[in-house]
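One structure is given here, and the rest of the page talks about it.
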There are 2 protein chains.
Amino acid sequence: MANVPYKIYLTEEEMPKYWINMKAFMKEKPEPFLNPATFQPCTAEELEQVFCKELVKQEQNTTDKYIEIPKGIRDFYKMYRPSPLVRAYCLERQLDTPAEIYYKFEGTNTSGSHKLNSAAAQVYYAKEQGLTHLTTETGAGQWGTALSMACAYYNIDLTVFMVKVSSQQKPYRKAVIETYGGKVVASPSDTTEIGRKILSEHPDTGGSLGCAISEALETAVQTDNCRYVLGSVLDHVLLHQTIIGQETRIACEKHGIKPDIIIGCTGGGSNFGGLIAPFISEKIAGKSDVRIIGVEPASCPSLTRGKYAYDFGDTGKTSPLMKMYTLGSGFIPSPSHAGGLRFHGMSPIISKLYNDGYIEARAVEQTSVFDAATVFARSEGILPAPESAHALLAAMEEAIKCRETGEKKTIIFGLSGTGYFDMAAYVSYNSGTMVDYIPTDEDLEKGFAGLPKVPNRE
Amino acid sequence: MANVPYKIYLTEEEMPKYWINMKAFMKEKPEPFLNPATFQPCTAEELEQVFCKELVKQEQNTTDKYIEIPKGIRDFYKMYRPSPLVRAYCLERQLDTPAEIYYKFEGTNTSGSHKLNSAAAQVYYAKEQGLTHLTTETGAGQWGTALSMACAYYNIDLTVFMVKVSSQQKPYRKAVIETYGGKVVASPSDTTEIGRKILSEHPDTGGSLGCAISEALETAVQTDNCRYVLGSVLDHVLLHQTIIGQETRIACEKHGIKPDIIIGCTGGGSNFGGLIAPFISEKIAGKSDVRIIGVEPASCPSLTRGKYAYDFGDTGKTSPLMKMYTLGSGFIPSPSHAGGLRFHGMSPIISKLYNDGYIEARAVEQTSVFDAATVFARSEGILPAPESAHALLAAMEEAIKCRETGEKKTIIFGLSGTGYFDMAAYVSYNSGTMVDYIPTDEDLEKGFAGLPKVPNRE
């Protein structure tokens with residue numbers, strides 16, 4: 001293991017040509033989406049009102065283990081990929097641990113995160129379908145930036161509903177999206193019916209991903225030649241993100257790296273799902289006993305304190321019903337600085353894997369997350385996104401356990417993005433004014449009370 | 001040439017072990033620094049009052065062509081290098097040019113620019129010398145960030161005097177520096193004598209690099225176990241930056257790339273000097289007729305409209321005298337968004353090479369620079385720093401000439417950094433309120449009037 005370089009880059013020839021369809025590997029499949037009016041499984045025709053055709057096909061595909069990445073998308077990937085798998089030699093020294101720590105760093109593109117992996121794919125398929133306009137929501141701003149980059153590349157109009165608290169915390173995110181030609185609307189806004197309704201009920205709300213999703217959905221349905229695209233949660237988004245795990249696995253094979261623990265942060269689950277895909281497939285097949293840990297904020301603990309139930313993906317209760325770990329679509333998380341993790345639910349695939357015992361979950365508090373981020377920045381030279389630093393913190397905790405036990409474990413974590421547009425959060429942390437938010441059991445009960453009653457399904 | 005990948009990364013084994021000392025290749029050497037009190041060449045002892053010993057040695061070395069990079073610095077370089085040499089396939093398509101365009105991208109580290117190359121070296125030597133404290137200035141903030149990263153790594157205290165207009169335009173730069181443990185002071189400040197003097201004469205000034213340098217120098221001299229470090233202009237800074245050119249040359253050899261034109265932006269000259277070093281050495285030896293172009297802002301045109309004369313490096317007139325192209329140390333550039341190029345002078349090495357006809361210079365206006373930056377962002381997916389976009393603009397101009405003449409030239413430009421902390425500039429550009437500043441001949445005459453009279457030297 002001594003000859004592992006600081007950074008492993010695949011060559012263009014080594015880059016993956018296939019995404020991994022995790023569902024095809026799963027012994028039990030996630031439950032299907034339900035139409036909230038009939039409680040019957042959604043048909044492709046229904047989903048195609050909202051989503052691109054090819055994406056609906058991918059969403060409903062539970063049989064093909066590998067799905068070819070079209071050349072047009074692989075060319076886009078070549079522009080900013082491969083991302084490096086980095087051996088964290090400096091962090092290992094700093095922690096004085098016998099563990100080997102690696103991170104897959106998705107922050108080297110201008111969107112600052114992994115989000116571009118699915119944006120590239122989704123806009124490619126929209127273009128192929130002849131669409132001219134897309135809508136979406138963004139929390140931390142990484143997805144909106146990524147999508148605006150892809151839309152600039154493929155020449156498609158874009159409207160981004162940005163969670164209001166994020167747009168206030170990150171004004172320059174808006175400017176980047178606009179530089180790429182995207183239109184930004186702070187959510188909740190008065191441009192949609194659901195936005196106006198939420199504003200009248202909660203005039204001071206900072207918004208949420210769920211609410212921004214509702215506004216983007218409403219706008220997509222009411223605009224010609226337009227569809228809605230989503231940056232996380234859905235199966236097809238996780239599919240595109242498996243480029244992360246595929247590159248990681250190939251790099252590991254190339255250098256004889258055998259991970260004992262794989263860690264990612266979980267908001268909607270796309271970065272985490274993308275990273276773990278090839279490894280969980282082997283684990284399901286009984287070929288590996290790698291530990292896989294999802295890390296979420298204690299302020300929005302869908303896996304560790306949520307219910308596994310059918311729920312809406314959006315606050316406006318207009319989306320299909322999805323079986324997932326959820327805090328209830330009415331749960332509005334306290335403002336925290338990890339905007340990308342402020343979602344009430346969790347990817348149905350990740351939820352099912354968690355429910356079936358293949359993965360672990362851990363909730364952490366944001367001041368500890370920034371402690372870890374600062375240590376990492378000063379030793380590894382990269383300023384992490386608050387979201388990514390959740391995974392970093394858990395990786396550091398595992399490495400410190402190794403120091404105590406003397407075990408030489410191999411830990412890989414996903415560093416899904418950079419914190420260059422999260423400086424308001426670092427200012428808050430540096431000044432000592434950052435606080436931790438943990439919902440009470442009562443807060444959670446209120447969210448659960450709003451869960452839809454689904455007959456014969458639970 | 002068809003098989004060049006989008007991105008070329010060197011392996012750790014291929015990475016350069018030597019910096020290039022351009023002066024050792026030059027037929028005529030740059031003039032020595034002069035002590036402004038005696039007009040005699042500065043001695044090593046005099047310079048060591050301000051700078052680290054090893055750096056003074058490097059500054060005065062005109063004979064060794066190659067200087068070994070110590071292992072401690074090469075280890076630091078491995079943390080964030082190599083940087084990619086990128087084939088701009090997407091930009092080529094966008095411009096419909098037969099030219100081949102490459103850029104050496106130095107923006108993948110958290111400082112966002114090439115500055116870390118010299119910061120790593122300078123702090124390493126300071127640590128070796130047993131120093132505990134460093135001072136510096138920063139304009140765009142890239143140097144200050146880079147130095148704070150290096151100081152965190154080597155555990156040395158740092159005070160950064162940040163040009164006031166930059167600290168206002170880029171509040172989050174300050175936050176990054178503070179996250180890395182650096183102390184930031186807006187310049188001119190009331191913490192130094194020269195700062196108080198400038199404030200009393202020009203209470204509304206936005207400051208300048210020259211003024212911030214004076215404050216950092218004054219503080220270094222008056223603090224125990226402390227030295228001043230500079231992020232550009234000086235010969236040893238260019239020396240460290242030759243890691244850029246060395247990597248570029250090795251990548252070119254590996255893939256059979258033969259550049260016809262090499263382009264960099266010029267503020268103090270370090271990024272430009274670092275990029276061109278191996279190529280200019282061959283040109284001086286008559287082995288190459290590559291064109292080399294430095295691009296500067298029309299608002300601060302030291303090469304294209306300055307005088308080749310002895311001048312101070314700082315507004316406070318406390319530095320040694322350097323023979324360089326200068327607008328006069330009293331010239332305060334209009335506020336522009338390329339803070340890193342707002343310096344009245346130019347590297348003595350670059351000045352000498354320009355004076356001797358080895359390099360060309362071009363001045364460009366900032367609205368055109370942002371036009372180019374936006375085209376680049378939308379096609380290549382990277383949001384450039386305003387400074388770097390000066391080089392980009394000239395590269396695009398040359399590529400467009402190729403479209404008109406049908407010539408298939410090979411163009412390499414230095415993309416020295418990203419614009420993630422320059423969003424105020426992009427906001428100004430996007431809103432259409434950005435204006436171009438060009439000094440009048442009268443403005444320049446005022447600056448020239450302040451040039452020192454140096455006996456028997458001009």
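Ordered as shown in the structure tokens, chains take letters A, B, and onward, while each chain numbers its residues from 1 and ligands are numbered from 1 in the order shown.
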
Determine, using only C-alpha atoms, which residues of chain A have any atom at most 7 Å from an atom of chain B, and tabulate each with its shortest atom pair and distance in Å to one decimal place, rows ordered by chain and then rising number, as a tab-separated table.
residue	atom	partner	partner_atom	distance
A:Pro5	CA	B:Glu12	CA	6.9
A:Tyr6	CA	B:Lys78	CA	6.4
A:Glu12	CA	B:Pro5	CA	6.9
A:Lys78	CA	B:Tyr6	CA	6.4
A:Met79	CA	B:Tyr6	CA	6.5
A:Thr108	CA	B:Thr108	CA	6.1
A:Asn109	CA	B:Ile382	CA	6.8
A:Thr110	CA	B:Ile382	CA	5.3
A:Met149	CA	B:Gly381	CA	6.5
A:Ala152	CA	B:Arg378	CA	5.6
A:Tyr153	CA	B:Ser379	CA	6.1
A:Tyr172	CA	B:Met423	CA	5.8
A:Ala175	CA	B:Val427	CA	6.0
A:Thr179	CA	B:Thr374	CA	6.7
A:Tyr180	CA	B:Arg378	CA	6.0
A:Thr374	CA	B:Thr179	CA	6.7
A:Arg378	CA	B:Ala152	CA	5.5
A:Ser379	CA	B:Tyr153	CA	6.1
A:Glu380	CA	B:Met79	CA	6.9
A:Gly381	CA	B:Thr110	CA	6.4
A:Ile382	CA	B:Thr110	CA	5.3
A:Leu383	CA	B:Thr110	CA	6.3
A:Tyr420	CA	B:Tyr420	CA	6.7
A:Met423	CA	B:Tyr172	CA	5.8
A:Tyr426	CA	B:Ala175	CA	7.0
A:Val427	CA	B:Ala175	CA	6.0
A:Asn430	CA	B:Thr179	CA	6.8

Note to self: Among segment 249-319 of chain B, which residues does DSSP mark as strand (DSSP E) when it is run on the backbone? Keep the chain and numbering as in the structure and answer as a list in words.
What the structure shows: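 Those residues are Ile261, Ile262, Ile263, Gly264, Cys265, Arg291, Ile292, Ile293, Gly294, Val295, Glu296, Pro297, Lys307, Tyr308, Ala309, Tyr310, Asp311 and Phe312 of chain B.
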
Next item on the list: Determine which residues of segment 11-136 of chain A DSSP labels as alpha helix (DSSP H) from the backbone of this structure, then write them out as a PyMOL selection string.
Entry: chain A and resi 22-25+44-48+53-60+71-80+89-95+116-128

Item checked: Spatial neighbours of Gly345 of chain A, max dist 10 Å, only C-alpha atoms, sep filter under 4 positions, as a PyMOL selection string -> chain A and resi 210+233+267-269+300-303+306-309+311-314+322-329+331+341+351

Next item on the list: Would you mind telling me which residue in A:Asp96, A:Asp235, A:Asp157, A:Asp190 lies nearest to Trp19 of chain A when using only C-alpha atoms?
Entry: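 Going through A:Asp96, A:Asp235, A:Asp157, A:Asp190 one by one, the smallest distance to Trp19 of chain A is for A:Asp235.
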
Next item on the list: Just the residues within 9 Å of segment 391-403 of chain A, please, counting only C-alpha atoms, with nothing from its chain fewer than 6 positions along; format it as a PyMOL selection string.
Entry: chain A and resi 91-92+95-101+103+261-266+293-296+362+364+368-373+376+384+409-416

Any chance you can output those residues with C-alpha atoms as a PDB file, in the first residue's frame?
ATOM      1  CA  LEU A  91      -4.917  14.339   7.635  1.00  0.00           C
ATOM      2  CA  GLU A  92      -3.650  10.900   8.704  1.00  0.00           C
ATOM      3  CA  LEU A  95      -4.831  12.595  13.480  1.00  0.00           C
ATOM      4  CA  ASP A  96      -1.878  10.314  14.221  1.00  0.00           C
ATOM      5  CA  THR A  97      -3.921   7.350  13.075  1.00  0.00           C
ATOM      6  CA  PRO A  98      -2.845   3.993  11.618  1.00  0.00           C
ATOM      7  CA  ALA A  99      -5.952   4.133   9.405  1.00  0.00           C
ATOM      8  CA  GLU A 100      -5.622   4.854   5.710  1.00  0.00           C
ATOM      9  CA  ILE A 101      -8.015   7.621   4.729  1.00  0.00           C
ATOM     10  CA  TYR A 103     -11.571  10.837  -0.183  1.00  0.00           C
ATOM     11  CA  ILE A 261     -15.572   1.587   5.692  1.00  0.00           C
ATOM     12  CA  ILE A 262     -17.254   3.866   3.141  1.00  0.00           C
ATOM     13  CA  ILE A 263     -18.844   7.085   4.346  1.00  0.00           C
ATOM     14  CA  GLY A 264     -20.965   9.738   2.674  1.00  0.00           C
ATOM     15  CA  CYS A 265     -23.223  12.593   3.742  1.00  0.00           C
ATOM     16  CA  THR A 266     -26.931  12.089   3.183  1.00  0.00           C
ATOM     17  CA  ILE A 293     -22.274   4.775   6.809  1.00  0.00           C
ATOM     18  CA  GLY A 294     -24.592   7.627   5.856  1.00  0.00           C
ATOM     19  CA  VAL A 295     -24.127  10.831   7.874  1.00  0.00           C
ATOM     20  CA  GLU A 296     -26.952  13.325   8.303  1.00  0.00           C
ATOM     21  CA  ARG A 362     -25.292   8.566  12.025  1.00  0.00           C
ATOM     22  CA  VAL A 364     -24.042  14.827  13.807  1.00  0.00           C
ATOM     23  CA  SER A 368     -18.701  19.509  15.388  1.00  0.00           C
ATOM     24  CA  VAL A 369     -18.950  19.414  11.609  1.00  0.00           C
ATOM     25  CA  PHE A 370     -17.201  22.793  11.324  1.00  0.00           C
ATOM     26  CA  ASP A 371     -14.570  21.713  13.859  1.00  0.00           C
ATOM     27  CA  ALA A 372     -13.760  18.839  11.512  1.00  0.00           C
ATOM     28  CA  ALA A 373     -13.927  21.050   8.417  1.00  0.00           C
ATOM     29  CA  PHE A 376      -9.306  19.259   7.324  1.00  0.00           C
ATOM     30  CA  PRO A 384     -15.050  21.551   2.421  1.00  0.00           C
ATOM     31  CA  LYS A 409      -8.535   0.214   8.594  1.00  0.00           C
ATOM     32  CA  THR A 410      -9.039   1.663   5.145  1.00  0.00           C
ATOM     33  CA  ILE A 411     -11.642   4.425   5.151  1.00  0.00           C
ATOM     34  CA  ILE A 412     -13.055   6.106   2.050  1.00  0.00           C
ATOM     35  CA  PHE A 413     -15.330   9.102   2.335  1.00  0.00           C
ATOM     36  CA  GLY A 414     -17.051  11.272  -0.214  1.00  0.00           C
ATOM     37  CA  LEU A 415     -15.906  14.885  -0.220  1.00  0.00           C
ATOM     38  CA  SER A 416     -18.836  15.909  -2.344  1.00  0.00           C
TER      39      SER A 416
END

Item checked: Distance query Gly207 of chain A at most 10 Å, only C-alpha atoms, self and fewer than 5 positions along chain excluded, as a list in words ->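 Near Gly207 of chain A, the qualifying residues are Gly139, Met162, Val163, Lys164, Val165, Ser166, Ala186, Ser187, Pro188, Ser189, Gly195, Ile198, Leu199, His202, Ala212, Thr315, Ile332, Pro333, Ser334 and Pro335 of chain A.
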